[in-house]
Amino acid sequence: DVKVTQSSRYLVKRTGEKVFLECVQDMDHENMFWYRQDPGLGLRLIYFSYDVKMKEKGDIPEGYSVSREKKERFSLILESASTNQTSMYLCASRTGDWGDTQYFGPGTRLTVL
Amino acid sequence: AQSVAQPEDQVNVAEGNPLTVKCTYSVSGNPYLFWYVQYPNRGLQFLLKYITGDNLVKGSYGFEAEFNKSQTSFHLKKPSALVSDSALYFCAVRDGGSNYQLIWGAGTKLIIKP
C-alpha cells in the first residue's frame, strides 16, 4: 500500500514564524502536491512538483514556498505565518500518469495565533 | 470555465436506505472523474474513478458512480447506507488544460442516521 506521511498532525504557531510542513511518500511517485482544505471551499492547490527540484504554482501560492530535494520528500514552507493561513494542509502523491489516483497523507491542522 | 459542482452541502439518509451524492462538471475535452472520501480528522481516501469505458463504475466500500455525458454528471451511489459511511465526500475532475491538476468540488457531508 502507498503510504504518505506528514510530519505533524497538529501544529500551533505564532504570527510571523517560519513554518515547515514535511511530507514523505514511499512509492517512488514522480508527482507530489500540497493542498489546503477549508470548509466549503474544497481543496485548493498550493504547489505541485512533477519531479525532483521541479515545482509549479497552483491556485493559491502566495505566502508559501516549497522544496523538493529528494524524490520522496516535499516540503511546504510558510515564510512568515499569518492568521489567514490557519487551515488543514494535505499532501498527496501520484505517479506521472495524470489518470492515476492521488494518495493523501493524514493532514496537518495548522493554527496560527 | 472548468468547474465541479456538488450542489448539496449535506445529505441525510437513514441507515439501510439507498444514498446518492451528486456531482456535475464542466470541462474541456474528455472528463476524467474521481470520488474521494474523508473521514473525521483523516486525509482523503480514493473511492473510484471514471476514465473511459463502462459508464457505471464500481469502487471501494460498496460505492458506485454513474457517468452521464449528456447531463455532465457523475453521481455517487450506494444501495444500502451504513452509519459508517458518514463522512465528507469530494468529487474531482481532471483539468482538461493541465496534465496534473484536479478541479475539486466543495464537498458534501453525508450523515447516515441509525
# chains A, B, ... in the order shown; residues from 1 in each chain; ligands from 1
$ closest_atom_pairs --of "chain A" --to "chain B" --cutoff "6 Å" --atoms "only C-alpha atoms" --output "CSV"
residue,atom,partner,partner_atom,distance
A:Gly40,CA,B:Ala106,CA,5.3
A:Leu41,CA,B:Ala106,CA,4.9
A:Gly42,CA,B:Ala106,CA,3.8
A:Trp98,CA,B:Tyr100,CA,5.4
A:Phe104,CA,B:Leu44,CA,5.7
A:Gly105,CA,B:Gly43,CA,5.5
A:Pro106,CA,B:Gly43,CA,4.0
A:Gly107,CA,B:Gly43,CA,5.5
$ write_last_selection --atoms "N, CA, C and O atoms" --output "PDB file, in the first residue's frame"
ATOM      1  N   GLY A  40     -16.212  24.372   3.001  1.00  0.00           N
ATOM      2  CA  GLY A  40     -16.986  24.991   1.931  1.00  0.00           C
ATOM      3  C   GLY A  40     -16.194  25.376   0.702  1.00  0.00           C
ATOM      4  O   GLY A  40     -16.780  25.804  -0.295  1.00  0.00           O
ATOM      5  N   LEU A  41     -14.875  25.215   0.779  1.00  0.00           N
ATOM      6  CA  LEU A  41     -14.031  25.597  -0.360  1.00  0.00           C
ATOM      7  C   LEU A  41     -13.370  24.397  -1.022  1.00  0.00           C
ATOM      8  O   LEU A  41     -12.666  24.553  -2.019  1.00  0.00           O
ATOM      9  N   GLY A  42     -13.578  23.231  -0.494  1.00  0.00           N
ATOM     10  CA  GLY A  42     -12.941  22.052  -1.069  1.00  0.00           C
ATOM     11  C   GLY A  42     -11.440  22.086  -0.881  1.00  0.00           C
ATOM     12  O   GLY A  42     -10.927  22.641   0.099  1.00  0.00           O
ATOM     13  N   TRP A  98      -1.383  11.137 -15.335  1.00  0.00           N
ATOM     14  CA  TRP A  98      -2.407  12.019 -14.800  1.00  0.00           C
ATOM     15  C   TRP A  98      -3.707  11.306 -14.508  1.00  0.00           C
ATOM     16  O   TRP A  98      -4.546  11.793 -13.787  1.00  0.00           O
ATOM     17  N   PHE A 104      -3.259  10.447  -0.432  1.00  0.00           N
ATOM     18  CA  PHE A 104      -3.148  11.558   0.511  1.00  0.00           C
ATOM     19  C   PHE A 104      -2.543  11.141   1.843  1.00  0.00           C
ATOM     20  O   PHE A 104      -2.767  10.014   2.320  1.00  0.00           O
ATOM     21  N   GLY A 105      -1.837  12.079   2.444  1.00  0.00           N
ATOM     22  CA  GLY A 105      -1.418  11.936   3.825  1.00  0.00           C
ATOM     23  C   GLY A 105      -2.560  12.267   4.772  1.00  0.00           C
ATOM     24  O   GLY A 105      -3.628  12.701   4.326  1.00  0.00           O
ATOM     25  N   PRO A 106      -2.354  12.107   6.083  1.00  0.00           N
ATOM     26  CA  PRO A 106      -3.416  12.323   7.069  1.00  0.00           C
ATOM     27  C   PRO A 106      -3.754  13.791   7.301  1.00  0.00           C
ATOM     28  O   PRO A 106      -4.786  14.099   7.893  1.00  0.00           O
ATOM     29  N   GLY A 107      -2.905  14.687   6.839  1.00  0.00           N
ATOM     30  CA  GLY A 107      -3.178  16.108   7.004  1.00  0.00           C
ATOM     31  C   GLY A 107      -2.496  16.702   8.222  1.00  0.00           C
ATOM     32  O   GLY A 107      -2.212  16.008   9.212  1.00  0.00           O
TER      33      GLY A 107
END
$ residues_around --residues "A:Gly96" --least-positions-apart "5" --cutoff "12 Å" --atoms "only C-alpha atoms" --output "ChimeraX atom specification"
/A:27-32,49-51,101-102 /B:99-101
$ residues_around --residues "stretch 65-82 of chain B" --least-positions-apart "5" --cutoff "8 Å" --atoms "only C-alpha atoms" --output "PyMOL selection string"
chain B and resi 13-26+33+35+48+50+55-58+112
$ write_last_selection --atoms "N, CA and C atoms" --output "JSON list (two decimals), in the first residue's frame"
[["chain", "number", "residue", "atom", "x", "y", "z"],
["B", 13, "VAL", "N", -29.43, 10.53, 5.28],
["B", 13, "VAL", "CA", -30.05, 9.28, 4.83],
["B", 13, "VAL", "C", -30.21, 8.36, 6.03],
["B", 14, "ALA", "N", -31.29, 7.63, 6.06],
["B", 14, "ALA", "CA", -31.47, 6.62, 7.11],
["B", 14, "ALA", "C", -30.68, 5.36, 6.75],
["B", 15, "GLU", "N", -30.13, 4.74, 7.79],
["B", 15, "GLU", "CA", -29.38, 3.51, 7.58],
["B", 15, "GLU", "C", -30.24, 2.49, 6.85],
["B", 16, "GLY", "N", -29.64, 1.83, 5.86],
["B", 16, "GLY", "CA", -30.36, 0.82, 5.09],
["B", 16, "GLY", "C", -31.00, 1.35, 3.82],
["B", 17, "ASN", "N", -31.17, 2.66, 3.76],
["B", 17, "ASN", "CA", -31.74, 3.27, 2.55],
["B", 17, "ASN", "C", -30.66, 3.52, 1.51],
["B", 18, "PRO", "N", -31.06, 3.64, 0.24],
["B", 18, "PRO", "CA", -30.06, 3.99, -0.79],
["B", 18, "PRO", "C", -29.62, 5.44, -0.63],
["B", 19, "LEU", "N", -28.40, 5.71, -1.03],
["B", 19, "LEU", "CA", -27.90, 7.09, -0.96],
["B", 19, "LEU", "C", -27.36, 7.52, -2.31],
["B", 20, "THR", "N", -27.45, 8.83, -2.54],
["B", 20, "THR", "CA", -26.87, 9.45, -3.73],
["B", 20, "THR", "C", -26.21, 10.75, -3.32],
["B", 21, "VAL", "N", -24.98, 10.95, -3.75],
["B", 21, "VAL", "CA", -24.28, 12.21, -3.57],
["B", 21, "VAL", "C", -24.00, 12.75, -4.97],
["B", 22, "LYS", "N", -24.46, 13.96, -5.23],
["B", 22, "LYS", "CA", -24.47, 14.47, -6.59],
["B", 22, "LYS", "C", -23.20, 15.24, -6.95],
["B", 23, "CYS", "N", -22.82, 15.13, -8.23],
["B", 23, "CYS", "CA", -21.67, 15.86, -8.76],
["B", 23, "CYS", "C", -21.94, 16.18, -10.22],
["B", 24, "THR", "N", -21.77, 17.43, -10.60],
["B", 24, "THR", "CA", -21.82, 17.81, -12.01],
["B", 24, "THR", "C", -20.54, 18.54, -12.34],
["B", 25, "TYR", "N", -20.18, 18.56, -13.61],
["B", 25, "TYR", "CA", -18.88, 19.09, -14.00],
["B", 25, "TYR", "C", -18.98, 19.86, -15.30],
["B", 26, "SER", "N", -17.97, 20.65, -15.54],
["B", 26, "SER", "CA", -17.82, 21.34, -16.82],
["B", 26, "SER", "C", -16.34, 21.42, -17.12],
["B", 33, "LEU", "N", -12.93, 11.58, -14.03],
["B", 33, "LEU", "CA", -13.66, 11.93, -12.82],
["B", 33, "LEU", "C", -13.30, 11.01, -11.66],
["B", 35, "TRP", "N", -13.95, 10.22, -7.23],
["B", 35, "TRP", "CA", -14.59, 10.42, -5.94],
["B", 35, "TRP", "C", -13.62, 10.01, -4.84],
["B", 48, "LEU", "N", -13.28, 5.81, -6.19],
["B", 48, "LEU", "CA", -13.42, 5.27, -7.54],
["B", 48, "LEU", "C", -13.12, 6.36, -8.54],
["B", 50, "TYR", "N", -13.61, 7.38, -13.04],
["B", 50, "TYR", "CA", -14.02, 7.08, -14.41],
["B", 50, "TYR", "C", -13.00, 7.71, -15.34],
["B", 55, "ASN", "N", -20.04, 3.11, -18.26],
["B", 55, "ASN", "CA", -20.49, 4.31, -17.56],
["B", 55, "ASN", "C", -20.73, 4.07, -16.07],
["B", 56, "LEU", "N", -20.93, 2.84, -15.67],
["B", 56, "LEU", "CA", -21.13, 2.51, -14.26],
["B", 56, "LEU", "C", -19.81, 2.00, -13.69],
["B", 57, "VAL", "N", -19.30, 2.73, -12.72],
["B", 57, "VAL", "CA", -18.01, 2.41, -12.14],
["B", 57, "VAL", "C", -18.22, 1.91, -10.71],
["B", 58, "LYS", "N", -17.60, 0.82, -10.38],
["B", 58, "LYS", "CA", -17.71, 0.29, -9.01],
["B", 58, "LYS", "C", -16.42, 0.58, -8.26],
["B", 112, "ILE", "N", -25.48, 9.50, 7.95],
["B", 112, "ILE", "CA", -26.34, 8.31, 7.95],
["B", 112, "ILE", "C", -26.87, 8.13, 9.37]]
$ residues_around --residues "A:Tyr47" --least-positions-apart "5" --cutoff "6 Å" --atoms "only C-alpha atoms" --output "MDAnalysis selection string"
chainID A and resid 34 56:58
$ write_last_selection --atoms "all heavy atoms" --output "PDB file, in the first residue's frame"
ATOM      1  N   TRP A  34       0.740  19.856  -2.668  1.00  0.00           N
ATOM      2  CA  TRP A  34       0.288  20.442  -1.409  1.00  0.00           C
ATOM      3  C   TRP A  34      -1.020  21.181  -1.635  1.00  0.00           C
ATOM      4  O   TRP A  34      -1.134  22.020  -2.537  1.00  0.00           O
ATOM      5  CB  TRP A  34       1.301  21.428  -0.826  1.00  0.00           C
ATOM      6  CG  TRP A  34       2.361  20.792  -0.007  1.00  0.00           C
ATOM      7  CD1 TRP A  34       3.672  20.608  -0.330  1.00  0.00           C
ATOM      8  CD2 TRP A  34       2.211  20.244   1.309  1.00  0.00           C
ATOM      9  NE1 TRP A  34       4.336  19.979   0.687  1.00  0.00           N
ATOM     10  CE2 TRP A  34       3.462  19.744   1.710  1.00  0.00           C
ATOM     11  CE3 TRP A  34       1.131  20.132   2.195  1.00  0.00           C
ATOM     12  CZ2 TRP A  34       3.669  19.142   2.952  1.00  0.00           C
ATOM     13  CZ3 TRP A  34       1.334  19.530   3.426  1.00  0.00           C
ATOM     14  CH2 TRP A  34       2.597  19.041   3.796  1.00  0.00           C
ATOM     15  N   GLU A  56       5.658  23.744  -9.603  1.00  0.00           N
ATOM     16  CA  GLU A  56       4.738  24.612 -10.327  1.00  0.00           C
ATOM     17  C   GLU A  56       3.792  25.241  -9.320  1.00  0.00           C
ATOM     18  O   GLU A  56       3.354  24.578  -8.379  1.00  0.00           O
ATOM     19  CB  GLU A  56       3.909  23.804 -11.331  1.00  0.00           C
ATOM     20  CG  GLU A  56       4.687  23.241 -12.499  1.00  0.00           C
ATOM     21  CD  GLU A  56       4.899  24.256 -13.598  1.00  0.00           C
ATOM     22  OE1 GLU A  56       4.242  25.308 -13.545  1.00  0.00           O
ATOM     23  OE2 GLU A  56       5.706  23.986 -14.502  1.00  0.00           O
ATOM     24  N   LYS A  57       3.438  26.489  -9.523  1.00  0.00           N
ATOM     25  CA  LYS A  57       2.463  27.135  -8.663  1.00  0.00           C
ATOM     26  C   LYS A  57       1.077  26.577  -8.953  1.00  0.00           C
ATOM     27  O   LYS A  57       0.724  26.299 -10.103  1.00  0.00           O
ATOM     28  CB  LYS A  57       2.466  28.647  -8.900  1.00  0.00           C
ATOM     29  CG  LYS A  57       3.742  29.325  -8.436  1.00  0.00           C
ATOM     30  CD  LYS A  57       3.674  30.821  -8.693  1.00  0.00           C
ATOM     31  CE  LYS A  57       4.950  31.493  -8.214  1.00  0.00           C
ATOM     32  NZ  LYS A  57       4.919  32.968  -8.468  1.00  0.00           N
ATOM     33  N   GLY A  58       0.313  26.465  -7.877  1.00  0.00           N
ATOM     34  CA  GLY A  58      -1.076  26.085  -8.021  1.00  0.00           C
ATOM     35  C   GLY A  58      -1.969  27.305  -8.038  1.00  0.00           C
ATOM     36  O   GLY A  58      -1.592  28.364  -8.531  1.00  0.00           O
TER      37      GLY A  58
END
$ closest_residue --among "B:Asn30, B:Lys113, B:Glu8, B:Val37" --to "B:Leu88" --atoms "only C-alpha atoms"
B:Val37
$ closest_residue --among "A:Ser82, A:Ser75, A:Gln37, A:Thr111" --to "A:Ser7" --atoms "only C-alpha atoms"
A:Ser75
$ atom_distance --atom1 "atom CA of A:Ser67" --atom2 "atom CA of A:Asp38"
23.2 Å
$ residues_around --residues "A:Glu17" --least-positions-apart "3" --cutoff "7 Å" --atoms "only C-alpha atoms" --output "list in words"
Lys13, Arg14, Ser80 and Ala81 of chain A
$ residues_around --residues "stretch 71-74 of chain A" --least-positions-apart "2" --cutoff "6 Å" --atoms "only C-alpha atoms" --output "PyMOL selection string"
chain A and resi 23-25+52+67-68
$ write_last_selection --atoms "C-alpha atoms" --output "mmCIF file, in the first residue's frame"
data_model
loop_
_atom_site.group_PDB
_atom_site.id
_atom_site.type_symbol
_atom_site.label_atom_id
_atom_site.label_comp_id
_atom_site.auth_asym_id
_atom_site.auth_seq_id
_atom_site.Cartn_x
_atom_site.Cartn_y
_atom_site.Cartn_z
ATOM 1 C CA CYS A 23 5.606 15.192 3.510
ATOM 2 C CA VAL A 24 7.177 11.840 2.669
ATOM 3 C CA GLN A 25 5.898 9.146 0.297
ATOM 4 C CA VAL A 52 12.901 16.425 -8.036
ATOM 5 C CA SER A 67 11.213 22.416 -1.688
ATOM 6 C CA ARG A 68 11.788 19.030 -3.262
#
$ select_by_dssp --residues "chain B" --states "helix (DSSP H, G or I)" --output "list in words"
Ser60, Tyr61, Gly62, Val83, Ser84 and Asp85 of chain B
$ write_last_selection --atoms "all heavy atoms" --output "PDB file, in the first residue's frame"
ATOM      1  N   SER B  60     -14.681   1.246  -3.919  1.00  0.00           N
ATOM      2  CA  SER B  60     -14.481   0.683  -2.582  1.00  0.00           C
ATOM      3  C   SER B  60     -15.742   0.811  -1.734  1.00  0.00           C
ATOM      4  O   SER B  60     -16.579   1.679  -1.986  1.00  0.00           O
ATOM      5  CB  SER B  60     -13.331   1.409  -1.895  1.00  0.00           C
ATOM      6  OG  SER B  60     -12.164   1.395  -2.677  1.00  0.00           O
ATOM      7  N   TYR B  61     -15.832  -0.054  -0.710  1.00  0.00           N
ATOM      8  CA  TYR B  61     -16.873   0.017   0.326  1.00  0.00           C
ATOM      9  C   TYR B  61     -18.283  -0.076  -0.237  1.00  0.00           C
ATOM     10  O   TYR B  61     -19.226   0.424   0.368  1.00  0.00           O
ATOM     11  CB  TYR B  61     -16.732   1.302   1.153  1.00  0.00           C
ATOM     12  CG  TYR B  61     -15.333   1.586   1.628  1.00  0.00           C
ATOM     13  CD1 TYR B  61     -14.685   2.763   1.281  1.00  0.00           C
ATOM     14  CD2 TYR B  61     -14.629   0.672   2.411  1.00  0.00           C
ATOM     15  CE1 TYR B  61     -13.390   3.029   1.694  1.00  0.00           C
ATOM     16  CE2 TYR B  61     -13.335   0.918   2.825  1.00  0.00           C
ATOM     17  CZ  TYR B  61     -12.725   2.105   2.463  1.00  0.00           C
ATOM     18  OH  TYR B  61     -11.448   2.359   2.875  1.00  0.00           O
ATOM     19  N   GLY B  62     -18.470  -0.706  -1.412  1.00  0.00           N
ATOM     20  CA  GLY B  62     -19.783  -0.889  -1.991  1.00  0.00           C
ATOM     21  C   GLY B  62     -20.331   0.301  -2.757  1.00  0.00           C
ATOM     22  O   GLY B  62     -21.491   0.299  -3.177  1.00  0.00           O
ATOM     23  N   VAL B  83     -24.108   3.374   8.817  1.00  0.00           N
ATOM     24  CA  VAL B  83     -23.738   4.510   9.670  1.00  0.00           C
ATOM     25  C   VAL B  83     -22.268   4.873   9.448  1.00  0.00           C
ATOM     26  O   VAL B  83     -21.891   6.047   9.446  1.00  0.00           O
ATOM     27  CB  VAL B  83     -24.010   4.188  11.150  1.00  0.00           C
ATOM     28  CG1 VAL B  83     -23.452   5.277  12.051  1.00  0.00           C
ATOM     29  CG2 VAL B  83     -25.512   4.030  11.390  1.00  0.00           C
ATOM     30  N   SER B  84     -21.435   3.884   9.196  1.00  0.00           N
ATOM     31  CA  SER B  84     -20.003   4.111   8.991  1.00  0.00           C
ATOM     32  C   SER B  84     -19.691   4.827   7.674  1.00  0.00           C
ATOM     33  O   SER B  84     -18.545   5.234   7.454  1.00  0.00           O
ATOM     34  CB  SER B  84     -19.248   2.791   9.026  1.00  0.00           C
ATOM     35  OG  SER B  84     -19.759   1.893   8.065  1.00  0.00           O
ATOM     36  N   ASP B  85     -20.687   5.001   6.809  1.00  0.00           N
ATOM     37  CA  ASP B  85     -20.487   5.779   5.579  1.00  0.00           C
ATOM     38  C   ASP B  85     -20.512   7.275   5.843  1.00  0.00           C
ATOM     39  O   ASP B  85     -20.205   8.074   4.951  1.00  0.00           O
ATOM     40  CB  ASP B  85     -21.573   5.445   4.542  1.00  0.00           C
ATOM     41  CG  ASP B  85     -21.473   4.026   4.028  1.00  0.00           C
ATOM     42  OD1 ASP B  85     -20.350   3.493   3.972  1.00  0.00           O
ATOM     43  OD2 ASP B  85     -22.528   3.451   3.682  1.00  0.00           O
TER      44      ASP B  85
END
$ select_by_dssp --residues "chain A" --states "strand (DSSP E)" --output "ChimeraX atom specification"
/A:4-6,10-13,19-25,31-38,42-51,54-57,64-70,73-78,87-94,103-104,108-112
$ atom_distance --atom1 "atom CA of A:Asp100" --atom2 "atom CA of B:Ser28"
19.0 Å
$ atom_distance --atom1 "atom CA of A:Gln6" --atom2 "atom CA of A:Cys91"
7.3 Å
$ decode --residues "stretch 51-77 of chain B" --atoms "N, CA, C and O atoms" --output "PDB file, in the first residue's frame"
ATOM      1  N   ILE B  51     -12.427   6.864 -16.195  1.00  0.00           N
ATOM      2  CA  ILE B  51     -11.507   7.368 -17.226  1.00  0.00           C
ATOM      3  C   ILE B  51     -12.131   7.130 -18.598  1.00  0.00           C
ATOM      4  O   ILE B  51     -12.227   8.026 -19.419  1.00  0.00           O
ATOM      5  N   THR B  52     -12.546   5.911 -18.832  1.00  0.00           N
ATOM      6  CA  THR B  52     -13.193   5.552 -20.082  1.00  0.00           C
ATOM      7  C   THR B  52     -13.888   4.219 -19.877  1.00  0.00           C
ATOM      8  O   THR B  52     -13.724   3.580 -18.849  1.00  0.00           O
ATOM      9  N   GLY B  53     -14.734   3.827 -20.847  1.00  0.00           N
ATOM     10  CA  GLY B  53     -15.356   2.517 -20.752  1.00  0.00           C
ATOM     11  C   GLY B  53     -16.757   2.555 -20.182  1.00  0.00           C
ATOM     12  O   GLY B  53     -17.515   3.504 -20.407  1.00  0.00           O
ATOM     13  N   ASP B  54     -17.099   1.541 -19.414  1.00  0.00           N
ATOM     14  CA  ASP B  54     -18.442   1.394 -18.852  1.00  0.00           C
ATOM     15  C   ASP B  54     -18.836   2.607 -18.028  1.00  0.00           C
ATOM     16  O   ASP B  54     -18.053   3.080 -17.184  1.00  0.00           O
ATOM     17  N   ASN B  55     -20.044   3.107 -18.260  1.00  0.00           N
ATOM     18  CA  ASN B  55     -20.487   4.313 -17.556  1.00  0.00           C
ATOM     19  C   ASN B  55     -20.728   4.073 -16.072  1.00  0.00           C
ATOM     20  O   ASN B  55     -20.732   5.020 -15.287  1.00  0.00           O
ATOM     21  N   LEU B  56     -20.933   2.837 -15.667  1.00  0.00           N
ATOM     22  CA  LEU B  56     -21.129   2.515 -14.257  1.00  0.00           C
ATOM     23  C   LEU B  56     -19.810   2.004 -13.693  1.00  0.00           C
ATOM     24  O   LEU B  56     -19.286   0.981 -14.121  1.00  0.00           O
ATOM     25  N   VAL B  57     -19.301   2.731 -12.722  1.00  0.00           N
ATOM     26  CA  VAL B  57     -18.007   2.411 -12.136  1.00  0.00           C
ATOM     27  C   VAL B  57     -18.216   1.912 -10.706  1.00  0.00           C
ATOM     28  O   VAL B  57     -18.927   2.548  -9.931  1.00  0.00           O
ATOM     29  N   LYS B  58     -17.603   0.821 -10.379  1.00  0.00           N
ATOM     30  CA  LYS B  58     -17.706   0.289  -9.011  1.00  0.00           C
ATOM     31  C   LYS B  58     -16.418   0.581  -8.260  1.00  0.00           C
ATOM     32  O   LYS B  58     -15.314   0.529  -8.831  1.00  0.00           O
ATOM     33  N   GLY B  59     -16.589   0.908  -6.971  1.00  0.00           N
ATOM     34  CA  GLY B  59     -15.426   1.270  -6.190  1.00  0.00           C
ATOM     35  C   GLY B  59     -15.396   0.597  -4.835  1.00  0.00           C
ATOM     36  O   GLY B  59     -16.012  -0.441  -4.627  1.00  0.00           O
ATOM     37  N   SER B  60     -14.681   1.246  -3.919  1.00  0.00           N
ATOM     38  CA  SER B  60     -14.481   0.683  -2.582  1.00  0.00           C
ATOM     39  C   SER B  60     -15.742   0.811  -1.734  1.00  0.00           C
ATOM     40  O   SER B  60     -16.579   1.679  -1.986  1.00  0.00           O
ATOM     41  N   TYR B  61     -15.832  -0.054  -0.710  1.00  0.00           N
ATOM     42  CA  TYR B  61     -16.873   0.017   0.326  1.00  0.00           C
ATOM     43  C   TYR B  61     -18.283  -0.076  -0.237  1.00  0.00           C
ATOM     44  O   TYR B  61     -19.226   0.424   0.368  1.00  0.00           O
ATOM     45  N   GLY B  62     -18.470  -0.706  -1.412  1.00  0.00           N
ATOM     46  CA  GLY B  62     -19.783  -0.889  -1.991  1.00  0.00           C
ATOM     47  C   GLY B  62     -20.331   0.301  -2.757  1.00  0.00           C
ATOM     48  O   GLY B  62     -21.491   0.299  -3.177  1.00  0.00           O
ATOM     49  N   PHE B  63     -19.521   1.336  -2.919  1.00  0.00           N
ATOM     50  CA  PHE B  63     -19.951   2.514  -3.673  1.00  0.00           C
ATOM     51  C   PHE B  63     -19.813   2.298  -5.175  1.00  0.00           C
ATOM     52  O   PHE B  63     -18.970   1.537  -5.638  1.00  0.00           O
ATOM     53  N   GLU B  64     -20.652   3.004  -5.906  1.00  0.00           N
ATOM     54  CA  GLU B  64     -20.556   3.034  -7.354  1.00  0.00           C
ATOM     55  C   GLU B  64     -20.933   4.428  -7.833  1.00  0.00           C
ATOM     56  O   GLU B  64     -21.519   5.217  -7.085  1.00  0.00           O
ATOM     57  N   ALA B  65     -20.573   4.737  -9.075  1.00  0.00           N
ATOM     58  CA  ALA B  65     -20.913   6.036  -9.633  1.00  0.00           C
ATOM     59  C   ALA B  65     -21.253   5.853 -11.097  1.00  0.00           C
ATOM     60  O   ALA B  65     -20.679   5.000 -11.779  1.00  0.00           O
ATOM     61  N   GLU B  66     -22.191   6.675 -11.558  1.00  0.00           N
ATOM     62  CA  GLU B  66     -22.618   6.590 -12.941  1.00  0.00           C
ATOM     63  C   GLU B  66     -22.219   7.835 -13.703  1.00  0.00           C
ATOM     64  O   GLU B  66     -22.621   8.956 -13.332  1.00  0.00           O
ATOM     65  N   PHE B  67     -21.460   7.654 -14.735  1.00  0.00           N
ATOM     66  CA  PHE B  67     -21.056   8.744 -15.613  1.00  0.00           C
ATOM     67  C   PHE B  67     -22.167   8.976 -16.633  1.00  0.00           C
ATOM     68  O   PHE B  67     -22.588   8.054 -17.331  1.00  0.00           O
ATOM     69  N   ASN B  68     -22.660  10.213 -16.687  1.00  0.00           N
ATOM     70  CA  ASN B  68     -23.706  10.576 -17.642  1.00  0.00           C
ATOM     71  C   ASN B  68     -23.217  11.752 -18.459  1.00  0.00           C
ATOM     72  O   ASN B  68     -23.207  12.900 -17.975  1.00  0.00           O
ATOM     73  N   LYS B  69     -22.810  11.472 -19.689  1.00  0.00           N
ATOM     74  CA  LYS B  69     -22.186  12.505 -20.506  1.00  0.00           C
ATOM     75  C   LYS B  69     -23.177  13.606 -20.886  1.00  0.00           C
ATOM     76  O   LYS B  69     -22.833  14.788 -20.875  1.00  0.00           O
ATOM     77  N   SER B  70     -24.400  13.226 -21.208  1.00  0.00           N
ATOM     78  CA  SER B  70     -25.379  14.216 -21.649  1.00  0.00           C
ATOM     79  C   SER B  70     -25.764  15.172 -20.520  1.00  0.00           C
ATOM     80  O   SER B  70     -26.033  16.345 -20.761  1.00  0.00           O
ATOM     81  N   GLN B  71     -25.788  14.673 -19.301  1.00  0.00           N
ATOM     82  CA  GLN B  71     -26.118  15.521 -18.150  1.00  0.00           C
ATOM     83  C   GLN B  71     -24.873  16.032 -17.449  1.00  0.00           C
ATOM     84  O   GLN B  71     -24.988  16.727 -16.436  1.00  0.00           O
ATOM     85  N   THR B  72     -23.712  15.710 -17.954  1.00  0.00           N
ATOM     86  CA  THR B  72     -22.406  16.089 -17.348  1.00  0.00           C
ATOM     87  C   THR B  72     -22.440  15.844 -15.846  1.00  0.00           C
ATOM     88  O   THR B  72     -22.134  16.735 -15.033  1.00  0.00           O
ATOM     89  N   SER B  73     -22.805  14.621 -15.490  1.00  0.00           N
ATOM     90  CA  SER B  73     -22.896  14.282 -14.073  1.00  0.00           C
ATOM     91  C   SER B  73     -22.116  13.015 -13.766  1.00  0.00           C
ATOM     92  O   SER B  73     -21.868  12.192 -14.656  1.00  0.00           O
ATOM     93  N   PHE B  74     -21.775  12.874 -12.502  1.00  0.00           N
ATOM     94  CA  PHE B  74     -21.043  11.698 -12.021  1.00  0.00           C
ATOM     95  C   PHE B  74     -21.472  11.487 -10.568  1.00  0.00           C
ATOM     96  O   PHE B  74     -20.723  11.693  -9.622  1.00  0.00           O
ATOM     97  N   HIS B  75     -22.693  11.045 -10.380  1.00  0.00           N
ATOM     98  CA  HIS B  75     -23.270  10.901  -9.047  1.00  0.00           C
ATOM     99  C   HIS B  75     -22.783   9.629  -8.371  1.00  0.00           C
ATOM    100  O   HIS B  75     -22.703   8.559  -8.983  1.00  0.00           O
ATOM    101  N   LEU B  76     -22.506   9.757  -7.094  1.00  0.00           N
ATOM    102  CA  LEU B  76     -22.041   8.629  -6.271  1.00  0.00           C
ATOM    103  C   LEU B  76     -23.252   7.961  -5.625  1.00  0.00           C
ATOM    104  O   LEU B  76     -24.131   8.654  -5.099  1.00  0.00           O
ATOM    105  N   LYS B  77     -23.262   6.627  -5.636  1.00  0.00           N
ATOM    106  CA  LYS B  77     -24.433   5.903  -5.129  1.00  0.00           C
ATOM    107  C   LYS B  77     -24.017   4.694  -4.313  1.00  0.00           C
ATOM    108  O   LYS B  77     -22.910   4.154  -4.479  1.00  0.00           O
TER     109      LYS B  77
END
